[in-house]
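Trainee: Can you read through this structure? Questions will come right after.
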Amino acid sequence: KVLNDVRLSLQREWWKPVVFIGAKPLEKVFEVQKIEKRNIPTCFKTLGLYRKGEPYVYRFEPVRKLTQALEISNYAVLHGIGGAGKSTIADYIVEFLKERFNHVVAIDLKEEGIKKPEELIDRVAEEFLNFAVINDVLPILNEKGAIRKWQKLNEAVQTNQWLLILDNYEVFQDENGIIQDKDWVRFINELITNWKGKFLITTRLKVFLNERSSLENTIEIGTFSETEFLFLLMQI
């Protein structure tokens with residue numbers, strides 16, 4: 001009955017056919033034009049520690065907390081003792097969330113000998129150049145000051161939808177976790193307050209901008225939980 005009422009409410013001429021006339025005789029009116037897929041260059045540089053198919057203990061708790069932190073904020077910090085698997089988890093997070101980002105750049109600050117924020121930005125710019133995301137790094141390299149250089153880089157990349165991983169950040173911290181170089185303090189503040197992308201820090205220590213102010217969204221990785229231990233036994 002409801003369906004009949006709806007039909008009666010329609011105009012009486014609803015059933016009349018519609019004739020489509022092409023602009024030219026024998027022209028295919030319903031010909032579907034093929035849309036060429038744009039080949040957009042993507043930069044995808046990880047730390048190279050997580051490999052599909054190889055045995056890996058899925059760290060349920062830190063992975064869950066990290067993904068939640070990156071959902072609600074533009075950054076997260078993963079800290080724990082050396083050898084706990086921080087860098088591997090960072091790589092796993094990339095694999096887990098890669099569909100959400102246009103680009104991923106992971107830099108091992110210790111291994112690459114990065115000292116200043118400007119050096120980091122130049123290194124990231126080189127990666128974007130290697131992956132053909134940008135055509136020229138000179139405007140970035142010639143820019144003075146880390147903040148302006150960073151802004152110039154993001155202008156060249158033309159998207160904020162990318163993930164930056166800063167591995168082994170403890171090289172810039174003292175024994176209490178306080179960042180020693182004020183240039184790094186300013187740069188981290190710039191990322192937190194003004195950048196629309198997301199970044200992940202791995203470090204052996206909690207990160208403090210000063211003696212009283214530590215970074216939020218900090219996840220500690222320690223020994224295996226019972227679930228993780230059982231997962232490990234299954235792979236032995």
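By convention in this document, the chains of the structure tokens carry letters A, B, ... by their order, each chain's residues are numbered from 1, and ligands are numbered from 1 in the order they are shown.
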Quick one: residues within 10 Å of region 61-66 of chain A, only C-alpha atoms, excluding same-chain residues fewer than 5 positions away - as a PDB file with N, CA, C and O atoms, in the first residue's frame?

Mentor:
```pdb
ATOM      1  N   GLU A  71      46.107   9.190  15.743  1.00  0.00           N
ATOM      2  CA  GLU A  71      44.751   9.528  15.306  1.00  0.00           C
ATOM      3  C   GLU A  71      44.304  10.858  15.893  1.00  0.00           C
ATOM      4  O   GLU A  71      43.674  11.668  15.218  1.00  0.00           O
ATOM      5  N   TYR A  75      51.527  13.910  16.473  1.00  0.00           N
ATOM      6  CA  TYR A  75      52.803  13.294  16.800  1.00  0.00           C
ATOM      7  C   TYR A  75      52.643  12.245  17.886  1.00  0.00           C
ATOM      8  O   TYR A  75      51.621  12.173  18.584  1.00  0.00           O
ATOM      9  N   ALA A  76      53.673  11.400  18.003  1.00  0.00           N
ATOM     10  CA  ALA A  76      53.764  10.431  19.092  1.00  0.00           C
ATOM     11  C   ALA A  76      55.236  10.183  19.378  1.00  0.00           C
ATOM     12  O   ALA A  76      56.092  10.363  18.512  1.00  0.00           O
ATOM     13  N   VAL A  77      55.518   9.780  20.619  1.00  0.00           N
ATOM     14  CA  VAL A  77      56.881   9.466  21.039  1.00  0.00           C
ATOM     15  C   VAL A  77      56.898   8.036  21.557  1.00  0.00           C
ATOM     16  O   VAL A  77      56.095   7.655  22.405  1.00  0.00           O
ATOM     17  N   LEU A  78      57.835   7.241  21.033  1.00  0.00           N
ATOM     18  CA  LEU A  78      58.008   5.868  21.498  1.00  0.00           C
ATOM     19  C   LEU A  78      59.359   5.774  22.194  1.00  0.00           C
ATOM     20  O   LEU A  78      60.399   6.018  21.582  1.00  0.00           O
ATOM     21  N   LYS A  86      62.134  -0.451  19.307  1.00  0.00           N
ATOM     22  CA  LYS A  86      61.451   0.806  18.966  1.00  0.00           C
ATOM     23  C   LYS A  86      61.473   1.081  17.461  1.00  0.00           C
ATOM     24  O   LYS A  86      60.457   1.432  16.873  1.00  0.00           O
ATOM     25  N   ILE A  89      59.240  -1.290  15.534  1.00  0.00           N
ATOM     26  CA  ILE A  89      57.829  -0.921  15.691  1.00  0.00           C
ATOM     27  C   ILE A  89      57.493   0.289  14.834  1.00  0.00           C
ATOM     28  O   ILE A  89      56.418   0.366  14.240  1.00  0.00           O
ATOM     29  N   ALA A  90      58.425   1.249  14.766  1.00  0.00           N
ATOM     30  CA  ALA A  90      58.201   2.418  13.915  1.00  0.00           C
ATOM     31  C   ALA A  90      57.988   1.990  12.470  1.00  0.00           C
ATOM     32  O   ALA A  90      57.100   2.495  11.772  1.00  0.00           O
ATOM     33  N   TYR A  92      56.919  -0.948  11.528  1.00  0.00           N
ATOM     34  CA  TYR A  92      55.653  -1.666  11.476  1.00  0.00           C
ATOM     35  C   TYR A  92      54.476  -0.699  11.413  1.00  0.00           C
ATOM     36  O   TYR A  92      53.506  -0.931  10.682  1.00  0.00           O
ATOM     37  N   ILE A  93      54.567   0.387  12.171  1.00  0.00           N
ATOM     38  CA  ILE A  93      53.509   1.396  12.137  1.00  0.00           C
ATOM     39  C   ILE A  93      53.364   1.966  10.729  1.00  0.00           C
ATOM     40  O   ILE A  93      52.255   2.217  10.248  1.00  0.00           O
ATOM     41  N   PHE A  96      51.516  -0.455   8.706  1.00  0.00           N
ATOM     42  CA  PHE A  96      50.139  -0.524   9.173  1.00  0.00           C
ATOM     43  C   PHE A  96      49.313   0.680   8.708  1.00  0.00           C
ATOM     44  O   PHE A  96      48.123   0.554   8.414  1.00  0.00           O
ATOM     45  N   LEU A 200      56.748  10.897  14.222  1.00  0.00           N
ATOM     46  CA  LEU A 200      56.961   9.907  15.270  1.00  0.00           C
ATOM     47  C   LEU A 200      58.424   9.952  15.692  1.00  0.00           C
ATOM     48  O   LEU A 200      59.317   9.911  14.848  1.00  0.00           O
ATOM     49  N   ASN A 217      51.681  12.326  24.557  1.00  0.00           N
ATOM     50  CA  ASN A 217      51.556  11.225  23.586  1.00  0.00           C
ATOM     51  C   ASN A 217      52.807  10.343  23.587  1.00  0.00           C
ATOM     52  O   ASN A 217      53.297   9.933  22.532  1.00  0.00           O
ATOM     53  N   THR A 218      53.339  10.082  24.785  1.00  0.00           N
ATOM     54  CA  THR A 218      54.538   9.261  24.927  1.00  0.00           C
ATOM     55  C   THR A 218      54.159   7.847  25.334  1.00  0.00           C
ATOM     56  O   THR A 218      53.447   7.643  26.323  1.00  0.00           O
ATOM     57  N   ILE A 219      54.635   6.888  24.563  1.00  0.00           N
ATOM     58  CA  ILE A 219      54.334   5.474  24.811  1.00  0.00           C
ATOM     59  C   ILE A 219      55.624   4.758  25.159  1.00  0.00           C
ATOM     60  O   ILE A 219      56.632   4.878  24.440  1.00  0.00           O
ATOM     61  N   GLU A 220      55.614   4.036  26.247  1.00  0.00           N
ATOM     62  CA  GLU A 220      56.807   3.304  26.672  1.00  0.00           C
ATOM     63  C   GLU A 220      56.723   1.857  26.208  1.00  0.00           C
ATOM     64  O   GLU A 220      55.674   1.218  26.288  1.00  0.00           O
ATOM     65  N   ILE A 221      57.834   1.360  25.702  1.00  0.00           N
ATOM     66  CA  ILE A 221      57.907  -0.046  25.311  1.00  0.00           C
ATOM     67  C   ILE A 221      58.884  -0.741  26.239  1.00  0.00           C
ATOM     68  O   ILE A 221      60.004  -0.278  26.463  1.00  0.00           O
ATOM     69  N   GLY A 222      58.426  -1.851  26.828  1.00  0.00           N
ATOM     70  CA  GLY A 222      59.269  -2.587  27.766  1.00  0.00           C
ATOM     71  C   GLY A 222      59.307  -4.049  27.407  1.00  0.00           C
ATOM     72  O   GLY A 222      59.428  -4.426  26.237  1.00  0.00           O
ATOM     73  N   PHE A 224      57.955  -8.014  27.047  1.00  0.00           N
ATOM     74  CA  PHE A 224      56.765  -8.571  26.409  1.00  0.00           C
ATOM     75  C   PHE A 224      55.639  -8.759  27.419  1.00  0.00           C
ATOM     76  O   PHE A 224      55.871  -9.164  28.562  1.00  0.00           O
ATOM     77  N   SER A 225      54.416  -8.477  26.975  1.00  0.00           N
ATOM     78  CA  SER A 225      53.250  -8.817  27.777  1.00  0.00           C
ATOM     79  C   SER A 225      53.006 -10.318  27.639  1.00  0.00           C
ATOM     80  O   SER A 225      53.650 -11.007  26.825  1.00  0.00           O
ATOM     81  N   THR A 227      50.448 -11.817  26.362  1.00  0.00           N
ATOM     82  CA  THR A 227      49.937 -12.088  25.016  1.00  0.00           C
ATOM     83  C   THR A 227      51.062 -12.074  23.994  1.00  0.00           C
ATOM     84  O   THR A 227      51.131 -12.935  23.108  1.00  0.00           O
ATOM     85  N   GLU A 228      51.963 -11.091  24.114  1.00  0.00           N
ATOM     86  CA  GLU A 228      53.088 -10.995  23.174  1.00  0.00           C
ATOM     87  C   GLU A 228      54.036 -12.179  23.344  1.00  0.00           C
ATOM     88  O   GLU A 228      54.580 -12.693  22.361  1.00  0.00           O
TER      89      GLU A 228
END
```

Trainee: May I have all residues of region 84-139 of chain A that DSSP, computed from the backbone, assigns to helix (DSSP H, G or I), given as number ranges by chain?

Mentor: A: 86-100, 117-130, 138-139

Trainee: Using only N, CA, C and O atoms, please write the residues we just selected to a file, as a short mmCIF file (atom, residue, chain, number, x, y, z; two decimals), in the first residue's frame.

Mentor:
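Resulting contents of again_18.cif:
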```
data_model
loop_
_atom_site.label_atom_id
_atom_site.label_comp_id
_atom_site.auth_asym_id
_atom_site.auth_seq_id
_atom_site.Cartn_x
_atom_site.Cartn_y
_atom_site.Cartn_z
N LYS A 86 62.13 -0.45 19.31
CA LYS A 86 61.45 0.81 18.97
C LYS A 86 61.47 1.08 17.46
O LYS A 86 60.46 1.43 16.87
N SER A 87 62.65 0.93 16.86
CA SER A 87 62.78 1.24 15.44
C SER A 87 61.97 0.26 14.58
O SER A 87 61.36 0.65 13.59
N THR A 88 61.96 -1.01 14.99
CA THR A 88 61.18 -2.01 14.25
C THR A 88 59.69 -1.71 14.35
O THR A 88 58.95 -1.84 13.36
N ILE A 89 59.24 -1.29 15.53
CA ILE A 89 57.83 -0.92 15.69
C ILE A 89 57.49 0.29 14.83
O ILE A 89 56.42 0.37 14.24
N ALA A 90 58.43 1.25 14.77
CA ALA A 90 58.20 2.42 13.92
C ALA A 90 57.99 1.99 12.47
O ALA A 90 57.10 2.50 11.77
N ASP A 91 58.80 1.05 12.00
CA ASP A 91 58.64 0.53 10.65
C ASP A 91 57.31 -0.21 10.50
O ASP A 91 56.66 -0.14 9.45
N TYR A 92 56.92 -0.95 11.53
CA TYR A 92 55.65 -1.67 11.48
C TYR A 92 54.48 -0.70 11.41
O TYR A 92 53.51 -0.93 10.68
N ILE A 93 54.57 0.39 12.17
CA ILE A 93 53.51 1.40 12.14
C ILE A 93 53.36 1.97 10.73
O ILE A 93 52.26 2.22 10.25
N VAL A 94 54.50 2.16 10.06
CA VAL A 94 54.47 2.66 8.67
C VAL A 94 53.70 1.67 7.79
O VAL A 94 52.84 2.06 6.99
N GLU A 95 54.01 0.40 7.92
CA GLU A 95 53.33 -0.63 7.13
C GLU A 95 51.84 -0.66 7.45
O GLU A 95 51.01 -0.85 6.57
N PHE A 96 51.52 -0.45 8.71
CA PHE A 96 50.14 -0.52 9.17
C PHE A 96 49.31 0.68 8.71
O PHE A 96 48.12 0.55 8.41
N LEU A 97 49.95 1.86 8.64
CA LEU A 97 49.22 3.10 8.35
C LEU A 97 49.57 3.72 6.99
O LEU A 97 49.13 4.84 6.72
N LYS A 98 50.33 3.03 6.16
CA LYS A 98 50.86 3.66 4.95
C LYS A 98 49.78 4.15 4.00
O LYS A 98 50.00 5.11 3.25
N GLU A 99 48.59 3.54 4.01
CA GLU A 99 47.52 3.98 3.12
C GLU A 99 46.98 5.36 3.50
O GLU A 99 46.30 6.00 2.71
N ARG A 100 47.29 5.82 4.69
CA ARG A 100 46.78 7.12 5.15
C ARG A 100 47.71 8.28 4.79
O ARG A 100 47.35 9.43 5.01
N PRO A 117 68.73 20.81 12.94
CA PRO A 117 67.48 20.68 12.19
C PRO A 117 67.65 20.96 10.70
O PRO A 117 67.01 20.31 9.87
N GLU A 118 68.51 21.93 10.36
CA GLU A 118 68.74 22.25 8.95
C GLU A 118 69.27 21.04 8.19
O GLU A 118 68.89 20.80 7.03
N GLU A 119 70.15 20.28 8.83
CA GLU A 119 70.72 19.09 8.20
C GLU A 119 69.63 18.04 7.98
O GLU A 119 69.62 17.35 6.95
N LEU A 120 68.73 17.89 8.95
CA LEU A 120 67.62 16.96 8.81
C LEU A 120 66.75 17.34 7.62
O LEU A 120 66.39 16.49 6.79
N ILE A 121 66.40 18.61 7.53
CA ILE A 121 65.51 19.07 6.45
C ILE A 121 66.17 18.87 5.09
O ILE A 121 65.52 18.42 4.13
N ASP A 122 67.47 19.17 5.00
CA ASP A 122 68.18 18.95 3.74
C ASP A 122 68.17 17.47 3.37
O ASP A 122 68.02 17.11 2.19
N ARG A 123 68.32 16.61 4.38
CA ARG A 123 68.33 15.16 4.13
C ARG A 123 66.96 14.69 3.65
O ARG A 123 66.86 13.86 2.73
N VAL A 124 65.90 15.19 4.26
CA VAL A 124 64.55 14.84 3.85
C VAL A 124 64.28 15.33 2.43
O VAL A 124 63.69 14.63 1.61
N ALA A 125 64.75 16.54 2.13
CA ALA A 125 64.58 17.09 0.78
C ALA A 125 65.26 16.21 -0.26
O ALA A 125 64.73 16.00 -1.36
N GLU A 126 66.42 15.66 0.08
CA GLU A 126 67.13 14.76 -0.84
C GLU A 126 66.31 13.52 -1.12
O GLU A 126 66.29 13.02 -2.25
N GLU A 127 65.63 13.01 -0.11
CA GLU A 127 64.79 11.83 -0.31
C GLU A 127 63.63 12.14 -1.25
O GLU A 127 63.30 11.36 -2.13
N PHE A 128 63.00 13.29 -1.05
CA PHE A 128 61.91 13.68 -1.95
C PHE A 128 62.42 13.86 -3.38
O PHE A 128 61.71 13.56 -4.34
N LEU A 129 63.63 14.35 -3.52
CA LEU A 129 64.23 14.48 -4.85
C LEU A 129 64.50 13.11 -5.45
O LEU A 129 64.22 12.88 -6.64
N ASN A 130 65.01 12.19 -4.66
CA ASN A 130 65.32 10.84 -5.16
C ASN A 130 64.06 10.12 -5.64
O ASN A 130 64.14 9.31 -6.58
N LEU A 138 67.59 23.03 -4.55
CA LEU A 138 68.38 24.24 -4.31
C LEU A 138 67.60 25.33 -3.58
O LEU A 138 68.14 25.95 -2.66
N PRO A 139 66.33 25.61 -3.95
CA PRO A 139 65.60 26.63 -3.19
C PRO A 139 65.47 26.30 -1.71
O PRO A 139 65.44 27.19 -0.87
#
```

Trainee: Please list as a count of residues only every residue within 12 Å of Val133 (chain A), counting only C-alpha atoms and excluding residues in the same chain fewer than 3 positions away.

Mentor: 25
